[in-house]
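**Q** File input-v1.tsv below, TSV, C-alpha atoms:
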```tsv
chain	number	residue	atom	x	y	z
A	1	MET	CA	214.87	62.34	81.26
A	2	GLU	CA	216.53	64.11	78.34
A	3	ARG	CA	218.93	65.86	80.70
A	4	LEU	CA	219.86	62.56	82.30
A	5	LYS	CA	220.62	61.09	78.88
A	6	ILE	CA	222.84	64.04	78.00
A	7	LYS	CA	224.61	63.78	81.36
A	8	ALA	CA	225.16	60.04	80.83
A	9	GLN	CA	226.59	60.69	77.37
A	10	GLU	CA	228.91	63.33	78.79
A	11	ILE	CA	230.14	60.96	81.49
A	12	LYS	CA	230.63	58.22	78.89
A	13	ALA	CA	232.63	60.57	76.64
A	14	GLU	CA	234.75	61.71	79.58
A	15	LEU	CA	235.44	58.11	80.62
A	16	ILE	CA	236.38	57.14	77.05
A	17	ALA	CA	238.72	60.15	76.81
A	18	ARG	CA	240.34	59.23	80.13
A	19	PHE	CA	240.74	55.61	79.03
A	20	LYS	CA	242.35	56.71	75.73
A	21	SER	CA	244.66	59.03	77.64
A	22	LEU	CA	245.70	56.19	79.94
A	23	ARG	CA	246.27	53.93	76.94
A	24	ASN	CA	248.43	56.57	75.25
A	25	ILE	CA	250.46	57.10	78.41
A	26	TRP	CA	250.92	53.35	78.77
A	27	GLN	CA	251.98	52.99	75.13
A	28	TYR	CA	254.23	55.99	74.67
A	29	SER	CA	255.50	57.27	78.01
A	30	ASP	CA	259.13	57.06	79.01
A	31	SER	CA	259.79	53.51	80.18
A	32	GLN	CA	263.21	53.75	81.88
A	33	PRO	CA	261.79	54.04	85.43
A	34	THR	CA	259.60	50.98	84.81
A	35	GLU	CA	262.57	49.09	83.39
A	36	ILE	CA	264.69	49.96	86.43
A	37	THR	CA	261.91	48.88	88.80
A	38	LEU	CA	261.41	45.59	86.93
A	39	ALA	CA	265.16	44.96	86.88
A	40	VAL	CA	265.58	45.66	90.60
A	41	ALA	CA	262.61	43.39	91.35
A	42	LEU	CA	264.25	40.72	89.18
A	43	VAL	CA	267.52	41.03	91.08
A	44	PHE	CA	266.13	41.06	94.64
A	45	LEU	CA	262.47	40.06	94.81
A	46	TYR	CA	262.45	37.37	92.13
A	47	PRO	CA	265.06	34.95	93.56
A	48	THR	CA	263.92	35.51	97.16
A	49	ALA	CA	260.24	34.93	96.45
A	50	THR	CA	260.73	31.95	94.14
A	51	TYR	CA	263.28	30.35	96.49
A	52	LEU	CA	260.99	30.69	99.51
A	53	GLU	CA	257.81	29.62	97.73
A	54	LEU	CA	258.88	27.19	95.00
A	55	GLY	CA	262.21	25.96	96.30
A	56	TYR	CA	265.66	26.25	94.78
A	57	SER	CA	265.75	26.60	91.02
A	58	PRO	CA	269.08	27.45	89.39
A	59	ILE	CA	267.37	28.92	86.32
A	60	MET	CA	265.28	31.36	88.36
A	61	ASP	CA	267.58	32.00	91.30
A	62	VAL	CA	270.84	32.42	89.40
A	63	LEU	CA	269.95	33.46	85.85
A	64	GLY	CA	267.06	35.74	86.93
A	65	PRO	CA	269.18	38.20	88.94
A	66	MET	CA	271.80	38.14	86.15
A	67	ALA	CA	269.09	39.14	83.67
A	68	GLY	CA	268.08	41.96	86.03
A	69	ILE	CA	271.65	43.21	86.21
A	70	TYR	CA	271.90	43.05	82.42
A	71	GLN	CA	268.70	45.12	82.15
A	72	LEU	CA	270.16	47.75	84.52
A	73	TYR	CA	273.38	47.75	82.49
A	74	CYS	CA	271.42	48.33	79.25
A	75	VAL	CA	269.26	51.11	80.72
A	76	SER	CA	272.36	52.91	81.97
A	77	GLY	CA	274.02	52.44	78.57
A	78	LYS	CA	271.11	54.15	76.73
A	79	CYS	CA	271.37	51.64	73.84
A	80	LEU	CA	267.91	50.93	72.43
A	81	SER	CA	268.58	47.55	70.82
A	82	CYS	CA	270.31	46.37	74.00
A	83	ARG	CA	267.29	47.55	76.03
A	84	VAL	CA	264.92	45.65	73.72
A	85	ARG	CA	266.98	42.48	74.20
A	86	ALA	CA	267.18	42.92	77.98
A	87	SER	CA	263.46	43.69	78.24
A	88	PHE	CA	262.63	40.55	76.27
A	89	ILE	CA	264.77	38.50	78.68
A	90	THR	CA	263.10	40.18	81.67
A	91	PHE	CA	259.67	39.47	80.20
A	92	SER	CA	260.65	35.82	79.65
A	93	PHE	CA	261.71	35.48	83.29
A	94	TYR	CA	258.51	37.00	84.62
A	95	LEU	CA	256.51	34.77	82.29
A	96	LEU	CA	258.53	31.80	83.55
A	97	ALA	CA	257.66	32.71	87.14
A	98	THR	CA	253.98	32.96	86.24
A	99	VAL	CA	254.09	29.58	84.49
A	100	MET	CA	255.97	28.00	87.43
A	101	TYR	CA	253.41	29.32	89.92
A	102	LEU	CA	250.63	28.10	87.66
A	103	TYR	CA	252.29	24.70	87.32
A	104	CYS	CA	252.67	24.38	91.09
A	105	GLY	CA	249.03	25.37	91.55
A	106	MET	CA	249.91	28.44	93.58
A	107	LEU	CA	248.86	31.21	91.20
A	108	PHE	CA	245.21	31.10	92.23
A	109	LYS	CA	245.81	30.29	95.91
A	110	SER	CA	246.01	33.93	96.89
A	111	PRO	CA	245.48	37.24	95.03
A	112	THR	CA	248.98	38.35	96.06
A	113	TYR	CA	250.40	35.81	93.60
A	114	TRP	CA	248.64	37.62	90.75
A	115	GLY	CA	251.43	40.15	91.12
A	116	TRP	CA	253.47	37.89	88.83
A	117	VAL	CA	250.88	38.37	86.11
A	118	VAL	CA	251.04	42.13	86.70
A	119	LEU	CA	254.83	42.07	86.44
A	120	CYS	CA	254.55	39.98	83.28
A	121	PHE	CA	252.09	42.45	81.77
A	122	SER	CA	254.22	45.42	82.83
A	123	SER	CA	257.43	43.96	81.37
A	124	PHE	CA	255.68	43.18	78.10
A	125	GLY	CA	254.32	46.73	77.94
A	126	SER	CA	257.78	48.09	78.59
A	127	LEU	CA	259.21	45.86	75.85
A	128	LYS	CA	256.59	47.10	73.36
A	129	ARG	CA	257.26	50.73	74.25
A	130	ILE	CA	261.00	50.42	73.64
A	131	LYS	CA	260.45	48.62	70.35
A	132	LYS	CA	258.04	51.36	69.28
A	133	GLU	CA	260.64	53.98	70.17
A	134	GLU	CA	263.26	52.08	68.17
A	135	LEU	CA	260.99	51.84	65.12
A	136	HIS	CA	260.05	55.51	65.50
A	137	ARG	CA	263.71	56.52	65.51
A	138	LYS	CA	264.46	54.33	62.50
A	139	ASN	CA	261.54	55.68	60.45
A	140	GLY	CA	262.14	59.25	61.55
B	1	MET	CA	259.88	20.39	91.46
B	2	ASP	CA	262.65	18.34	89.84
B	3	ASN	CA	265.29	19.76	87.54
B	4	SER	CA	264.01	18.17	84.34
B	5	THR	CA	260.53	19.67	84.84
B	6	GLN	CA	262.10	23.04	85.51
B	7	ILE	CA	264.16	22.85	82.33
B	8	VAL	CA	261.17	21.73	80.24
B	9	LEU	CA	259.01	24.54	81.67
B	10	ALA	CA	261.80	27.07	81.09
B	11	VAL	CA	262.25	25.98	77.46
B	12	VAL	CA	258.50	25.99	76.81
B	13	THR	CA	258.14	29.44	78.40
B	14	LEU	CA	261.09	30.80	76.45
B	15	LEU	CA	259.64	29.50	73.20
B	16	GLY	CA	256.22	30.85	74.15
B	17	SER	CA	257.55	34.30	75.03
B	18	ALA	CA	259.61	34.34	71.82
B	19	GLY	CA	256.48	33.47	69.84
B	20	ILE	CA	254.41	36.16	71.58
B	21	TRP	CA	257.14	38.71	71.01
B	22	LYS	CA	257.58	37.77	67.34
B	23	TYR	CA	253.87	38.29	66.78
B	24	ALA	CA	253.78	41.59	68.70
B	25	GLU	CA	256.93	42.82	66.94
B	26	ALA	CA	255.49	42.00	63.50
B	27	ARG	CA	252.31	43.93	64.38
B	28	LEU	CA	254.34	46.90	65.58
B	29	ARG	CA	256.41	46.86	62.39
B	30	VAL	CA	253.31	46.77	60.19
B	31	LYS	CA	251.76	49.66	62.16
B	32	ALA	CA	254.98	51.67	61.90
B	33	GLU	CA	255.14	51.05	58.13
B	34	LEU	CA	251.51	52.13	57.72
B	35	ARG	CA	252.16	55.27	59.76
B	36	LYS	CA	255.21	56.03	57.63
B	37	GLU	CA	253.20	55.62	54.43
B	38	GLU	CA	250.45	57.84	55.79
B	39	GLN	CA	252.98	60.46	56.73
B	40	SER	CA	254.68	60.37	53.35
B	41	SER	CA	251.37	61.16	51.62
B	42	ASN	CA	250.32	63.79	54.16
B	43	ASP	CA	250.32	67.40	52.85
B	44	THR	CA	251.42	68.89	56.16
B	45	VAL	CA	254.38	66.53	56.34
B	46	LEU	CA	255.31	67.26	52.72
B	47	TYR	CA	255.12	70.98	53.45
B	48	ARG	CA	257.24	70.52	56.56
B	49	ASP	CA	259.86	68.54	54.60
B	50	ASP	CA	259.89	71.27	51.94
B	51	LEU	CA	260.39	73.89	54.65
B	52	LYS	CA	263.18	71.82	56.17
B	53	SER	CA	265.05	71.59	52.85
B	54	ARG	CA	264.56	75.32	52.27
B	55	VAL	CA	265.92	76.13	55.71
B	56	GLU	CA	268.95	73.94	54.98
B	57	GLU	CA	269.55	75.72	51.64
B	58	MET	CA	269.17	79.13	53.24
B	59	ASP	CA	271.53	78.16	56.03
B	60	LYS	CA	274.11	77.07	53.46
B	61	ALA	CA	273.66	80.33	51.51
B	62	LEU	CA	273.99	82.36	54.72
B	63	LYS	CA	277.26	80.63	55.58
B	64	GLU	CA	278.65	81.31	52.08
B	65	ALA	CA	277.52	84.94	52.25
B	66	HIS	CA	279.22	85.25	55.62
B	67	LYS	CA	282.46	83.91	54.13
B	68	GLU	CA	282.21	86.35	51.22
B	69	LEU	CA	281.53	89.20	53.63
B	70	LEU	CA	284.63	88.30	55.60
B	71	ALA	CA	286.73	88.22	52.39
B	72	LEU	CA	285.34	91.61	51.31
B	73	THR	CA	286.03	93.14	54.74
B	74	GLU	CA	289.58	91.87	54.47
B	75	LYS	CA	289.97	93.41	51.01
B	76	VAL	CA	288.52	96.75	52.17
B	77	ALA	CA	290.93	96.81	55.10
B	78	LYS	CA	293.84	96.17	52.71
B	79	LEU	CA	292.69	98.90	50.32
B	80	GLU	CA	292.26	101.35	53.20
B	81	THR	CA	295.81	100.72	54.32
B	82	GLU	CA	297.13	101.07	50.75
B	83	ASN	CA	295.09	104.25	50.34
B	84	SER	CA	296.51	105.81	53.49
B	85	PHE	CA	300.06	104.97	52.36
B	86	LEU	CA	299.39	106.42	48.90
B	87	ARG	CA	297.93	109.61	50.38
B	88	ARG	CA	300.99	109.97	52.55
B	89	GLU	CA	303.26	109.50	49.50
B	90	ILE	CA	301.20	112.03	47.51
B	91	ASP	CA	301.58	114.51	50.37
B	92	ILE	CA	305.36	113.94	50.41
B	93	LEU	CA	305.55	114.37	46.62
B	94	LYS	CA	303.46	117.55	46.77
B	95	ARG	CA	305.74	119.01	49.42
B	96	ASN	CA	308.81	118.26	47.28
```
Have the structure of the file written as structure tokens, please.
**A**
Amino acid sequence: MERLKIKAQEIKAELIARFKSLRNIWQYSDSQPTEITLAVALVFLYPTATYLELGYSPIMDVLGPMAGIYQLYCVSGKCLSCRVRASFITFSFYLLATVMYLYCGMLFKSPTYWGWVVLCFSSFGSLKRIKKEELHRKNG
Amino acid sequence: MDNSTQIVLAVVTLLGSAGIWKYAEARLRVKAELRKEEQSSNDTVLYRDDLKSRVEEMDKALKEAHKELLALTEKVAKLETENSFLRREIDILKRN
């Protein structure tokens, strides 16, 4: 019984350590690849999916891809404040898609639609990471 | 979905995301400030800063010493040349 308890504590400690490691990676890892993926999805996937599922929306189908291109431009330019701005815009667009799907009652129709929530979460994480990097560089 | 609904939803979402971001940004700033304060009172960091300034001073001193060394080498070279000429003249005078 005692051995089982010790084993359980060890497993718990290991799981907590792994969770903390994942959290650290999520908070501090390099976010350019994520930004590029989110931007490419915003340029290609976003207008296609929203057009086919929600119908034509000039805000999402025209401005969305433009925001994606702006994000790609900022990532390639290596300017932190520009990346923060672009990431905020990207996050806003993904949030808008989530809200639109929710408004149309489609978000809970199928688990595949939850991908918008994942993209929203991912873009917000990316935004936080860049801001942290900016603050870290400012404070030294 | 009609255009007016889309615009209203877009505006509401934009305001919402701006609000969320403002809150998150303020939290990040506070955390960064706290971390900075902690670091400024940390002995290891103070020691590291002291070492940094000492390295900078030593680097400056090394550069100055290098300059002085170059000037001295130049002077020695000049004196060696003068010395060789003087020796030659002394030899000539001795022969005469």
**Q** Return as a PyMOL selection string the residues belonging to chain B that are within 7 Å of chain A, counting only C-alpha atoms.
**A** chain B and resi 10+13-14+17+28+32+36
**Q** Show me, as lines of an AutoDock Vina configuration file, the centre and edge lengths in Å to one decimal of the axis-aligned box that covers every listed atom of region 9-26 of chain B with 8 Å on each side.
**A**
```
center_x = 258.0
center_y = 33.7
center_z = 72.6
size_x = 24.5
size_y = 34.3
size_z = 34.2
```
**Q** Mind checking which residues fall within 9 Å of region 33-46 of chain A, counting all atoms listed in the file, ignoring those fewer than 2 positions away in the same chain, and posting them as a list in words?
**A**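 So, after excluding close chain neighbours, the residues are Asp30, Ser31, Thr48, Ala49, Thr50, Tyr51, Met60, Asp61, Gly64, Pro65, Met66, Ala67, Gly68, Ile69, Tyr70, Gln71, Leu72, Val75, Arg83, Ser87, Thr90, Phe93, Tyr94, Ala97, Leu119, Ser122, Ser123, Ser126 and Leu127 of chain A.
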**Q** Could you tell me how far CA of Glu134 (chain A) sits from CA of Tyr73 (chain A), in Å to one decimal place?
**A**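 Interatomic distance, CA of Tyr73 (chain A) to CA of Glu134 (chain A): 18.1 Å.
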**Q** Which is closest to Leu9 (chain B) among A:Leu102, A:Ile130, A:Leu22, A:Leu80, if we use all atoms listed in the file?
**A**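 So, comparing all the options, the nearest one is A:Leu102.
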**Q** So how far away is CA of Gly125 (chain A) from CA of Trp26 (chain A), in Å?
**A** 7.5 Å
**Q** Tell me, in Å to one decimal, how far CA of Ala18 (chain B) is from CA of Cys120 (chain A).
**A** 13.7 Å
**Q** With C-alpha atoms as the atom set, please write region 1-89 of chain B from the structure just given, as a CSV table (one decimal), in the first residue's frame.
**A**
```csv
chain,number,residue,atom,x,y,z
B,1,MET,CA,-26.8,36.8,-42.6
B,2,ASP,CA,-27.4,40.4,-43.7
B,3,ASN,CA,-24.8,43.1,-43.9
B,4,SER,CA,-25.9,45.1,-40.9
B,5,THR,CA,-25.7,42.0,-38.6
B,6,GLN,CA,-22.3,41.3,-39.9
B,7,ILE,CA,-21.1,44.8,-39.2
B,8,VAL,CA,-22.6,44.8,-35.7
B,9,LEU,CA,-21.0,41.4,-34.9
B,10,ALA,CA,-17.7,42.6,-36.4
B,11,VAL,CA,-17.7,45.8,-34.3
B,12,VAL,CA,-18.7,43.9,-31.1
B,13,THR,CA,-16.0,41.3,-31.7
B,14,LEU,CA,-13.4,43.9,-32.4
B,15,LEU,CA,-14.3,45.7,-29.2
B,16,GLY,CA,-14.4,42.5,-27.3
B,17,SER,CA,-11.0,41.4,-28.6
B,18,ALA,CA,-9.5,44.8,-27.8
B,19,GLY,CA,-10.9,44.6,-24.3
B,20,ILE,CA,-9.5,41.1,-23.8
B,21,TRP,CA,-6.1,42.2,-25.2
B,22,LYS,CA,-6.0,45.3,-23.0
B,23,TYR,CA,-6.6,43.2,-19.9
B,24,ALA,CA,-4.0,40.6,-20.9
B,25,GLU,CA,-1.5,43.3,-21.9
B,26,ALA,CA,-1.9,45.1,-18.5
B,27,ARG,CA,-1.3,41.8,-16.7
B,28,LEU,CA,1.8,41.1,-18.8
B,29,ARG,CA,3.1,44.5,-18.1
B,30,VAL,CA,2.6,44.2,-14.3
B,31,LYS,CA,4.3,40.8,-14.4
B,32,ALA,CA,7.2,42.2,-16.3
B,33,GLU,CA,7.6,45.1,-13.9
B,34,LEU,CA,7.5,42.7,-10.9
B,35,ARG,CA,10.1,40.5,-12.6
B,36,LYS,CA,12.3,43.6,-13.2
B,37,GLU,CA,12.0,44.7,-9.6
B,38,GLU,CA,12.9,41.2,-8.4
B,39,GLN,CA,15.9,41.1,-10.7
B,40,SER,CA,17.1,44.5,-9.6
B,41,SER,CA,17.2,43.4,-5.9
B,42,ASN,CA,18.7,40.0,-6.7
B,43,ASP,CA,22.3,39.5,-5.5
B,44,THR,CA,23.3,37.4,-8.5
B,45,VAL,CA,22.0,40.0,-10.9
B,46,LEU,CA,23.8,42.7,-9.1
B,47,TYR,CA,27.0,40.7,-9.1
B,48,ARG,CA,26.5,40.1,-12.8
B,49,ASP,CA,26.0,43.8,-13.5
B,50,ASP,CA,29.1,44.6,-11.5
B,51,LEU,CA,31.0,42.0,-13.5
B,52,LYS,CA,29.7,43.5,-16.8
B,53,SER,CA,30.8,47.0,-15.8
B,54,ARG,CA,34.2,45.7,-14.8
B,55,VAL,CA,34.6,43.9,-18.1
B,56,GLU,CA,33.7,47.1,-19.9
B,57,GLU,CA,36.3,49.1,-17.9
B,58,MET,CA,39.0,46.4,-18.5
B,59,ASP,CA,38.2,46.3,-22.2
B,60,LYS,CA,38.6,50.1,-22.4
B,61,ALA,CA,41.9,49.9,-20.4
B,62,LEU,CA,43.1,47.2,-22.7
B,63,LYS,CA,42.4,49.2,-25.8
B,64,GLU,CA,44.2,52.2,-24.3
B,65,ALA,CA,47.2,50.0,-23.4
B,66,HIS,CA,47.2,48.7,-26.9
B,67,LYS,CA,47.4,52.2,-28.3
B,68,GLU,CA,50.2,53.1,-25.9
B,69,LEU,CA,52.1,50.0,-26.9
B,70,LEU,CA,51.8,50.9,-30.6
B,71,ALA,CA,53.1,54.4,-29.9
B,72,LEU,CA,56.0,53.0,-27.9
B,73,THR,CA,56.8,50.5,-30.6
B,74,GLU,CA,56.9,53.3,-33.1
B,75,LYS,CA,59.2,55.4,-30.8
B,76,VAL,CA,61.5,52.4,-30.3
B,77,ALA,CA,61.7,51.8,-34.1
B,78,LYS,CA,62.6,55.5,-34.6
B,79,LEU,CA,65.3,55.4,-31.9
B,80,GLU,CA,66.7,52.2,-33.4
B,81,THR,CA,67.0,53.9,-36.8
B,82,GLU,CA,68.6,57.0,-35.2
B,83,ASN,CA,70.9,54.9,-33.2
B,84,SER,CA,72.1,53.0,-36.3
B,85,PHE,CA,72.7,56.3,-38.2
B,86,LEU,CA,74.6,57.7,-35.2
B,87,ARG,CA,76.8,54.5,-34.9
B,88,ARG,CA,77.6,54.8,-38.6
B,89,GLU,CA,78.5,58.5,-38.1
```
